[in-house]
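Participant: After the structure tokens below, expect a handful of questions from me.
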Amino acid sequence: DEADLDAARRVDGMQNRFFLDPLLLGRYPDDVLADLEPLGFSSFIKDGDLATISERVDQLGVNYYSRFTVTGDPSVKAQAASSPFSSHSPWVGSSHVGFVDGGRPVTGMGWEIDETGLLEVLLRLHREYPPVDLYITENGAGYDETLNGDGPIVDKGRIDYIDAHLRASHDAIAAGVPLRGYFTWSLLDNFEWSWGYSKRFGLVHVDYGTQRRIPKASARWYADVIRAGGLPGRDALGEGAGSGR
């Protein structure tokens with residue numbers, strides 16, 4: 001549907017290309033400038049800005065958690081499951097865009113789990129932009145978790161999430177993407193913006209009352225992955241992929 005395709009173009013433009021194009025290509029996307037023209041955005045672009053923005057960078061960090069599924073059809077009942085936002089777009093110039101449930105499993109945040117999106121964005125960066133070393137600087141899953149007496153927190157959902165996204169990262173490396181590192185979010189449970197302390201992303205549980213740290217099952221699993229240099233059922237990363245561990 002043309003309205004849906006335009007919605008995807010708009011959100012991709014504001015979420016991704018609005019930052020990547022100036023940084024790596026030295027220009028703003030023409031279609032995004034056209035979307036923002038009624039708001040006078042071009043008047044804020046000053047001489048020399050793009051030359052400064054596009055100075056060579058040593059590496060580029062990618063934060064990936066979920067995929068957005070969007071619609072431009074106002075008759076479609078939008079749902080917030082695929083987005084951390086309300087049912088309508090927070091992006092300037094695209095307030096009519098709605099987020100819909102793509103029917104995928106979700107984390108405790110209601111964010112859809114789709115590791116194929118990570119592979120797609122890494123391949124896209126590799127194919128559409130000048131060469132730059134890439135790092136996944138944030139990737140992880142937040143859930144509601146509580147201690148059960150002295151028993152361990154067996155956070156299988158988080159293990160499955162990280163496992164799938166590490167495999168997607170490995171596939172990207174195998175396809176030639178210069179992915180040099182991966183950082184899971186997060187080592188410790190933490191304060192999560194508007195969610196406060198109600199959602200937990202950590203590999204290590206934090207008792208906020210006592211500050212006691214308790215490793216979850218995911219922490220021990222992740223340590224084993226690091227120690228082995230590979231994932232269960234997949235050979236350890238070989239030559240040419242070692243820097244992507």
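Letters A, B, ... go to the chains of the structure tokens in the order shown; residues in each chain start at 1; ligands are counted from 1 in the same order.
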Can you pull out every residue within 10 Å of Leu39 in chain A, counting only C-alpha atoms, but drop anything in the same chain fewer than 6 positions away, and send it as a ChimeraX atom specification?

Facilitator: /A:33,92-93

Participant: Go ahead and save the picked residues with N, CA, C and O atoms, as an mmCIF file, in the first residue's frame.

Facilitator:
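Everything below was put into again31.cif:
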data_model
loop_
_atom_site.group_PDB
_atom_site.id
_atom_site.type_symbol
_atom_site.label_atom_id
_atom_site.label_comp_id
_atom_site.auth_asym_id
_atom_site.auth_seq_id
_atom_site.Cartn_x
_atom_site.Cartn_y
_atom_site.Cartn_z
ATOM 1 N N LEU A 33 14.555 16.139 3.750
ATOM 2 C CA LEU A 33 14.516 17.599 3.680
ATOM 3 C C LEU A 33 13.167 18.076 3.148
ATOM 4 O O LEU A 33 12.608 19.071 3.640
ATOM 5 N N VAL A 92 9.075 14.306 13.960
ATOM 6 C CA VAL A 92 8.592 15.548 13.350
ATOM 7 C C VAL A 92 8.324 15.313 11.862
ATOM 8 O O VAL A 92 9.115 14.692 11.163
ATOM 9 N N GLY A 93 7.192 15.802 11.386
ATOM 10 C CA GLY A 93 6.838 15.657 9.982
ATOM 11 C C GLY A 93 6.200 14.333 9.640
ATOM 12 O O GLY A 93 5.801 14.117 8.490
#

Participant: Can you tell me which residues surround Asp171 in chain A at a distance of at most 10 Å, considering only C-alpha atoms, apart from same-chain residues fewer than 4 positions away, and format the answer as an NGL selection string?

Facilitator: :A and (119 or 122-123 or 165-167 or 175-177)

Participant: How would the residues just picked look written out with N, CA and C atoms as a CSV table (one decimal), in the first residue's frame?

Facilitator:
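For reference, result_32.csv as written:
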chain,number,residue,atom,x,y,z
A,119,LEU,N,20.6,-8.1,11.3
A,119,LEU,CA,21.4,-8.5,10.2
A,119,LEU,C,21.1,-7.5,9.0
A,122,LEU,N,23.0,-4.2,9.5
A,122,LEU,CA,24.4,-4.3,9.3
A,122,LEU,C,24.8,-4.5,7.8
A,123,LEU,N,24.0,-5.3,7.1
A,123,LEU,CA,24.3,-5.4,5.7
A,123,LEU,C,24.0,-4.1,4.9
A,165,HIS,N,20.8,-12.9,18.4
A,165,HIS,CA,21.4,-11.7,17.8
A,165,HIS,C,22.9,-11.9,17.6
A,166,LEU,N,23.5,-12.7,18.4
A,166,LEU,CA,24.9,-13.0,18.2
A,166,LEU,C,25.1,-13.8,16.9
A,167,ARG,N,24.1,-14.7,16.6
A,167,ARG,CA,24.1,-15.5,15.4
A,167,ARG,C,23.9,-14.6,14.2
A,175,ALA,N,29.3,-12.4,5.8
A,175,ALA,CA,28.9,-11.8,4.6
A,175,ALA,C,29.8,-10.6,4.3
A,176,GLY,N,30.9,-10.4,5.1
A,176,GLY,CA,31.9,-9.4,4.8
A,176,GLY,C,31.7,-8.1,5.5
A,177,VAL,N,30.7,-8.0,6.5
A,177,VAL,CA,30.5,-6.8,7.2
A,177,VAL,C,31.7,-6.6,8.2

Participant: Grab the CA of Arg67 in chain A to CA of Lys216 in chain A distance for me, in Å with one decimal place.

Facilitator: 26.4 Å

Participant: Which residues in range 125-199 of chain A does DSSP call alpha helix (DSSP H)? List them as a ChimeraX atom specification.

Facilitator: /A:125-128,156-174

Participant: Can you pull out the residues contacting Thr184 in chain A? Cut-off 7 Å, using only C-alpha atoms, and skip same-chain residues under 5 positions away; I want them as a PyMOL selection string.

Facilitator: chain A and resi 138-140

Participant: Taking only C-alpha atoms into account, which of A:Ala34, A:Val97, A:Ala217, A:Ile45 comes nearest Ala3 in chain A?

Facilitator: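 That would be A:Val97, the residue with the smallest distance to Ala3 in chain A.
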
Participant: Can you tell me, as a PyMOL selection string, which residues in range 39-185 of chain A count as strand (DSSP E) by DSSP?

Facilitator: chain A and resi 59-63+70-71+98-99+133-138+179-182

Participant: Deliver the residues from the most recent selection as a file, using N, CA, C and O atoms, as an mmCIF file, in the first residue's frame.

Facilitator:
data_model
loop_
_atom_site.group_PDB
_atom_site.id
_atom_site.type_symbol
_atom_site.label_atom_id
_atom_site.label_comp_id
_atom_site.auth_asym_id
_atom_site.auth_seq_id
_atom_site.Cartn_x
_atom_site.Cartn_y
_atom_site.Cartn_z
ATOM 1 N N GLN A 59 35.004 4.606 14.001
ATOM 2 C CA GLN A 59 34.060 3.509 14.077
ATOM 3 C C GLN A 59 32.651 4.057 14.262
ATOM 4 O O GLN A 59 32.478 5.209 14.650
ATOM 5 N N LEU A 60 31.678 3.214 13.963
ATOM 6 C CA LEU A 60 30.283 3.596 14.094
ATOM 7 C C LEU A 60 29.578 2.595 14.999
ATOM 8 O O LEU A 60 29.694 1.379 14.805
ATOM 9 N N GLY A 61 28.869 3.119 16.000
ATOM 10 C CA GLY A 61 28.140 2.256 16.926
ATOM 11 C C GLY A 61 26.698 2.085 16.494
ATOM 12 O O GLY A 61 26.045 3.043 16.072
ATOM 13 N N VAL A 62 26.195 0.861 16.590
ATOM 14 C CA VAL A 62 24.813 0.536 16.236
ATOM 15 C C VAL A 62 24.093 0.048 17.481
ATOM 16 O O VAL A 62 24.512 -0.929 18.105
ATOM 17 N N ASN A 63 23.028 0.748 17.860
ATOM 18 C CA ASN A 63 22.158 0.286 18.944
ATOM 19 C C ASN A 63 20.935 -0.369 18.321
ATOM 20 O O ASN A 63 20.197 0.288 17.580
ATOM 21 N N VAL A 70 5.198 -0.242 10.599
ATOM 22 C CA VAL A 70 4.434 1.006 10.581
ATOM 23 C C VAL A 70 3.342 0.987 9.519
ATOM 24 O O VAL A 70 3.367 0.190 8.583
ATOM 25 N N THR A 71 2.393 1.890 9.688
ATOM 26 C CA THR A 71 1.337 2.095 8.702
ATOM 27 C C THR A 71 1.086 3.581 8.518
ATOM 28 O O THR A 71 1.235 4.365 9.461
ATOM 29 N N GLY A 98 1.548 5.421 12.157
ATOM 30 C CA GLY A 98 1.191 4.596 13.300
ATOM 31 C C GLY A 98 2.031 3.334 13.356
ATOM 32 O O GLY A 98 2.549 2.862 12.331
ATOM 33 N N PHE A 99 2.193 2.799 14.548
ATOM 34 C CA PHE A 99 2.952 1.565 14.746
ATOM 35 C C PHE A 99 1.982 0.416 14.967
ATOM 36 O O PHE A 99 1.025 0.536 15.732
ATOM 37 N N ASP A 133 34.447 0.714 10.372
ATOM 38 C CA ASP A 133 34.350 -0.369 11.349
ATOM 39 C C ASP A 133 33.086 -0.193 12.185
ATOM 40 O O ASP A 133 32.796 0.905 12.673
ATOM 41 N N LEU A 134 32.345 -1.273 12.348
ATOM 42 C CA LEU A 134 31.077 -1.234 13.070
ATOM 43 C C LEU A 134 31.193 -1.948 14.405
ATOM 44 O O LEU A 134 31.896 -2.960 14.531
ATOM 45 N N TYR A 135 30.483 -1.424 15.392
ATOM 46 C CA TYR A 135 30.347 -2.072 16.698
ATOM 47 C C TYR A 135 28.870 -2.064 17.075
ATOM 48 O O TYR A 135 28.188 -1.050 16.894
ATOM 49 N N ILE A 136 28.376 -3.176 17.556
ATOM 50 C CA ILE A 136 27.043 -3.182 18.143
ATOM 51 C C ILE A 136 27.225 -2.704 19.580
ATOM 52 O O ILE A 136 27.759 -3.422 20.424
ATOM 53 N N THR A 137 26.813 -1.476 19.840
ATOM 54 C CA THR A 137 27.087 -0.851 21.124
ATOM 55 C C THR A 137 25.969 -1.055 22.144
ATOM 56 O O THR A 137 26.186 -0.829 23.331
ATOM 57 N N GLU A 138 24.783 -1.450 21.678
ATOM 58 C CA GLU A 138 23.707 -1.831 22.597
ATOM 59 C C GLU A 138 22.843 -2.879 21.937
ATOM 60 O O GLU A 138 22.428 -2.721 20.790
ATOM 61 N N LEU A 179 32.271 -5.920 11.201
ATOM 62 C CA LEU A 179 31.759 -5.832 12.568
ATOM 63 C C LEU A 179 32.878 -6.236 13.516
ATOM 64 O O LEU A 179 33.331 -7.386 13.505
ATOM 65 N N ARG A 180 33.319 -5.297 14.337
ATOM 66 C CA ARG A 180 34.518 -5.504 15.158
ATOM 67 C C ARG A 180 34.228 -5.803 16.618
ATOM 68 O O ARG A 180 35.132 -6.159 17.371
ATOM 69 N N GLY A 181 32.973 -5.646 17.048
ATOM 70 C CA GLY A 181 32.699 -5.908 18.456
ATOM 71 C C GLY A 181 31.215 -5.886 18.745
ATOM 72 O O GLY A 181 30.413 -5.364 17.966
ATOM 73 N N TYR A 182 30.865 -6.480 19.879
ATOM 74 C CA TYR A 182 29.467 -6.574 20.304
ATOM 75 C C TYR A 182 29.413 -6.304 21.805
ATOM 76 O O TYR A 182 30.180 -6.884 22.580
#

Participant: What is the CA of Ser54 in chain A to CA of Arg124 in chain A distance in Å?

Facilitator: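 Interatomic distance here is 18.8 Å.
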
Participant: Considering only C-alpha atoms, return as a ChimeraX atom specification whatever protein or nucleic-acid residues lie within 10 Å of Ala51 in chain A, sequence-local ones (same chain, fewer than 5 positions apart) excluded.

Facilitator: /A:22-23,25-27,56

Participant: Measuring atom to atom with only C-alpha atoms, identify which of A:Trp221, A:Tyr129, A:Trp185, A:Tyr64 is nearest to Leu20 in chain A.

Facilitator: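 Looking only at the distances to Leu20 in chain A, the closest residue turns out to be A:Tyr129.
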
Participant: Please report the interatomic distance between CA of Val225 in chain A and CA of Glu120 in chain A in Å with one decimal.

Facilitator: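 Value for the CA of Val225 in chain A-CA of Glu120 in chain A distance: 23.5 Å.
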
Participant: As a list in words, please: the residues near Gly72 in chain A (cut-off 10 Å, only C-alpha atoms, same-chain neighbours under 2 positions excluded).

Facilitator: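 So, after excluding close chain neighbours, the residues are Asp1, Glu2, Ala3, Asp4, Leu5, Asp6, Ala7, Ala8, Arg10, Val70, Pro74, Ser75, Val76, Ala78, Ser94, Ser95, His96, Val97, Gly98 and Phe99 of chain A.
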
Participant: Name the residues in contact with Thr69 in chain A at a cut-off of 7 Å, using only C-alpha atoms, excluding same-chain residues fewer than 4 positions from it; report them as a list of chain:residue names.

Facilitator: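 The neighbour list is A:Ser82, A:Phe99, A:Val100, A:Asp101, A:Gly102.
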
Participant: Would you kindly return, as a list of chain:residue names, each protein, DNA or RNA residue with an atom no farther than 12 Å from any atom of Thr146 in chain A, considering only C-alpha atoms and excluding same-chain residues fewer than 2 positions away?

Facilitator: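 Skipping anything fewer than 2 positions along the chain leaves A:Tyr143, A:Asp144, A:Asn148, A:Gly149, A:Asp150, A:Gly151, A:Pro152, A:Ile153, A:Val154, A:Asp155, A:Asp189, A:Tyr197, A:Ser198, A:Lys199, A:Arg200, A:His205, A:Val206, A:Asp207, A:Tyr208, A:Ile214, A:Lys216.
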
Participant: A:Phe44, A:Trp195, A:Trp91, A:Tyr65: which is nearest Leu118 in chain A, counting only C-alpha atoms?

Facilitator: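 Among the listed residues, A:Tyr65 lies closest to Leu118 in chain A.
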